[in-house]
Each structure stands twice: as C-alpha cells, then as structure tokens.
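Single-structure report; data block below.
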Amino acid sequence: MKIKVSMRTPAAQDASSSLELVAEATETIASVKERVAALQLIPFPDQDMVLDGIVLASDKILAEHGLGEPGPWSMDFVVRATESTLARQLEEILQARDLSCDELSLLYSYKHSVSVSVALEILGFAGQTLQDFVKRHKVFHVENRRGSLVRQ
C-alpha cells in the first residue's frame, strides 16, 4: 500500500515536506517510523505517526489501525524533539571526556548519522553553530572551542 507522510518538526509545524512510502499491512508502526526517520535524516527518537489526529501505537501493525489496500493513506510524522533533547544527546557524548566543538560535532554525526547543523535546523536553530548552542546551556562549559560538561 502507498502511504503519503507529511513531516512536522519543531521548526516547521506546517507540513514542511512529504514523501511516499510503500508498506505492507503487516509492518509495524515502529518500522515505518524508522524508515521515515532514516529517509528524512531525523536524529531524534521522540516521534509519532498520526492518522486523522490519532497517534498510532508503535507496537501495532498497520492493519491493526485499519490501514490496508487500496490506499494511498495520508499520515503525519511528528518530531517532538526539543532543545533539551539535543542537549541530552550531546551530554551523552561528553560523558567520557572533554572534546573540541569539531570533535563533538564529528562524534554526534557518527552516532546519529546526521550533522549537528541538520539537528539544529530541525529544532529551528538554522544558521547557529554548535558552539553557540552549547554556550546557551548551563550543563556545558566552552572555553577555547573546547566543550565539557559542568560537573558538580
């Protein structure tokens, strides 16, 4: 069956982009969400698939939500990430040791398969640098382009 998915991110609550997928009625909502996140380069795990205003349960298959042939079906893929979501992801990377902003950016890209600039853009911070983002958060300390966690 064909599924038209409209993307909704914190930066673009109106459908900013859309894509079409071909899915089987036996696929889980979770697997469809994984495919959409991979195709659209979404690094945040907080996401919902919404059909007619109803959030679909991730552990159910499409058929259990009444989705099947003939289609096409229209759904929204809602990214519920916030600034603190990205901050937590960066904190996890900085747990082991302090890093330069360039190293932190590279490790983020390696771990989440998306550049930090894309993550910032999804959250509505297009044009900002990682260093700007990190400086705004009290859990981080930046000195000479080197980032660290503020440990108490």
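Every chain in the structure tokens takes a letter, A first, then B, and so on in the order presented; its residues are numbered from 1, and the ligands are numbered from 1 following the presented order.
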
Could you pull the residues within 9 Å of Tyr108 (chain A), counting only C-alpha atoms, minus those fewer than 5 positions along the same chain, as a short mmCIF file (atom, residue, chain, number, x, y, z; two decimals) with N, CA, C and O atoms, in the first residue's frame?
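What landed in part18.cif:
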data_model
loop_
_atom_site.label_atom_id
_atom_site.label_comp_id
_atom_site.auth_asym_id
_atom_site.auth_seq_id
_atom_site.Cartn_x
_atom_site.Cartn_y
_atom_site.Cartn_z
N GLN A 89 21.57 14.54 24.09
CA GLN A 89 22.38 13.74 23.17
C GLN A 89 23.84 14.18 23.22
O GLN A 89 24.75 13.34 23.21
N LEU A 90 24.08 15.47 23.30
CA LEU A 90 25.45 15.98 23.37
C LEU A 90 26.08 15.63 24.72
O LEU A 90 27.26 15.29 24.79
N ILE A 93 27.55 12.17 24.76
CA ILE A 93 28.82 12.09 24.06
C ILE A 93 29.96 12.64 24.92
O ILE A 93 31.08 12.12 24.92
N GLU A 103 35.34 17.97 17.32
CA GLU A 103 35.28 16.55 17.70
C GLU A 103 33.87 16.17 18.13
O GLU A 103 33.36 15.11 17.74
N SER A 113 24.08 9.71 12.68
CA SER A 113 24.02 9.68 11.20
C SER A 113 23.48 10.97 10.59
O SER A 113 22.91 10.96 9.51
N VAL A 114 23.63 12.06 11.33
CA VAL A 114 23.16 13.37 10.89
C VAL A 114 24.11 14.41 11.44
O VAL A 114 24.58 14.29 12.57
N SER A 115 24.37 15.45 10.66
CA SER A 115 25.24 16.51 11.17
C SER A 115 24.51 17.32 12.24
O SER A 115 23.27 17.38 12.26
N VAL A 116 25.27 17.97 13.08
CA VAL A 116 24.69 18.82 14.12
C VAL A 116 23.91 19.97 13.48
O VAL A 116 22.87 20.37 14.00
#

Dump as CSV the rows for residues of region 99-122 of chain A within 12 Å of region 82-85 of chain A: closest atom pair and distance in Å with one decimal, only C-alpha atoms counted, ordered by chain and rising residue number.
residue,atom,partner,partner_atom,distance
A:Ala119,CA,A:Glu83,CA,9.7
A:Leu120,CA,A:Glu83,CA,8.5
A:Glu121,CA,A:Glu83,CA,11.0
A:Ile122,CA,A:Thr82,CA,9.4

For this session: Might you pull out every residue within 9 Å of region 134-138 of chain A, with only C-alpha atoms counted and same-chain residues fewer than 4 positions away left off, and present them as a ChimeraX atom specification?
Result: /A:84,87,90,101,129-130,142,147,149-150

For this session: Select, from A:Ser74, A:Ser18, A:Thr26, A:Gln95, the residue with the minimum atom-to-atom distance to Val139 (chain A), counting only C-alpha atoms.
Result: A:Gln95

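With only C-alpha atoms as the basis for measurement, A:Glu64 is the residue among A:Glu64, A:Asp102, A:Leu107, A:Gly124 that approaches Glu27 (chain A) most closely.
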
For this session: Mind the document's chain letters and residue numbers, and return as number ranges by chain the residues of region 29-148 of chain A that DSSP labels strand (DSSP E).
Result: A: 47-51, 54-55, 73-79, 99-100, 140-143, 146-148

Go ahead and dump the residues you just picked, C-alpha atoms, as a PDB file, in the first residue's frame.
ATOM      1  CA  GLN A  47       8.388  10.960  17.165  1.00  0.00           C
ATOM      2  CA  ASP A  48       4.792   9.968  16.439  1.00  0.00           C
ATOM      3  CA  MET A  49       2.869   8.712  13.434  1.00  0.00           C
ATOM      4  CA  VAL A  50      -0.522  10.404  13.359  1.00  0.00           C
ATOM      5  CA  LEU A  51      -3.553   9.339  11.314  1.00  0.00           C
ATOM      6  CA  ILE A  54      -4.826   9.919  16.395  1.00  0.00           C
ATOM      7  CA  VAL A  55      -1.321   8.872  17.455  1.00  0.00           C
ATOM      8  CA  TRP A  73      -3.125   6.738   3.150  1.00  0.00           C
ATOM      9  CA  SER A  74      -2.010  10.110   4.476  1.00  0.00           C
ATOM     10  CA  MET A  75      -0.216  10.347   7.807  1.00  0.00           C
ATOM     11  CA  ASP A  76       1.782  12.908   9.714  1.00  0.00           C
ATOM     12  CA  PHE A  77       5.241  12.141  11.075  1.00  0.00           C
ATOM     13  CA  VAL A  78       5.613  14.409  14.098  1.00  0.00           C
ATOM     14  CA  VAL A  79       9.049  15.037  15.596  1.00  0.00           C
ATOM     15  CA  LEU A  99      36.069  17.461  23.315  1.00  0.00           C
ATOM     16  CA  SER A 100      36.643  20.295  20.916  1.00  0.00           C
ATOM     17  CA  PHE A 140      28.109  22.764  29.222  1.00  0.00           C
ATOM     18  CA  HIS A 141      31.222  24.854  29.529  1.00  0.00           C
ATOM     19  CA  VAL A 142      33.040  26.130  26.426  1.00  0.00           C
ATOM     20  CA  GLU A 143      36.495  27.587  26.528  1.00  0.00           C
ATOM     21  CA  ARG A 146      36.578  23.060  23.768  1.00  0.00           C
ATOM     22  CA  GLY A 147      33.342  21.727  25.247  1.00  0.00           C
ATOM     23  CA  SER A 148      32.919  19.997  28.560  1.00  0.00           C
TER      24      SER A 148
END

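Residues surrounding Val32 (chain A) within 10 Å are Ile3, Leu21, Val22, Ala23, Glu24, Glu27, Thr28, Val36, Ala37, Ala38, Met49, Ser58, Ile61, Leu62 and Phe77 of chain A [only C-alpha atoms; sequence separation below 4 positions excluded].
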
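Using only C-alpha atoms, the shortest contact distance between Ala30 (chain A) and any of A:Ala57, A:Leu67, A:Leu123, A:Met1 is found at A:Ala57.
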
For this session: Give the alpha helix (DSSP H) residues of chain A, as assigned by DSSP on the backbone, as a VMD selection string.
Result: chain A and resid 29 to 39 83 to 94 101 to 112 116 to 122 130 to 135

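With CA of Lys60 (chain A) on one side and CA of His112 (chain A) on the other, the separation reads 25.5 Å.
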
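Considering only C-alpha atoms, the residue among A:Glu34, A:Glu91, A:Asp59, A:Glu69 positioned nearest to Lys2 (chain A) is A:Glu69.
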
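Separating CA of Gln13 (chain A) from CA of Phe133 (chain A) is a distance of 21.5 Å.
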
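Checking A:Gly127, A:Gly53, A:Ser117, A:Asn144 one by one against Leu41 (chain A), counting only C-alpha atoms, you find the shortest gap at A:Ser117.
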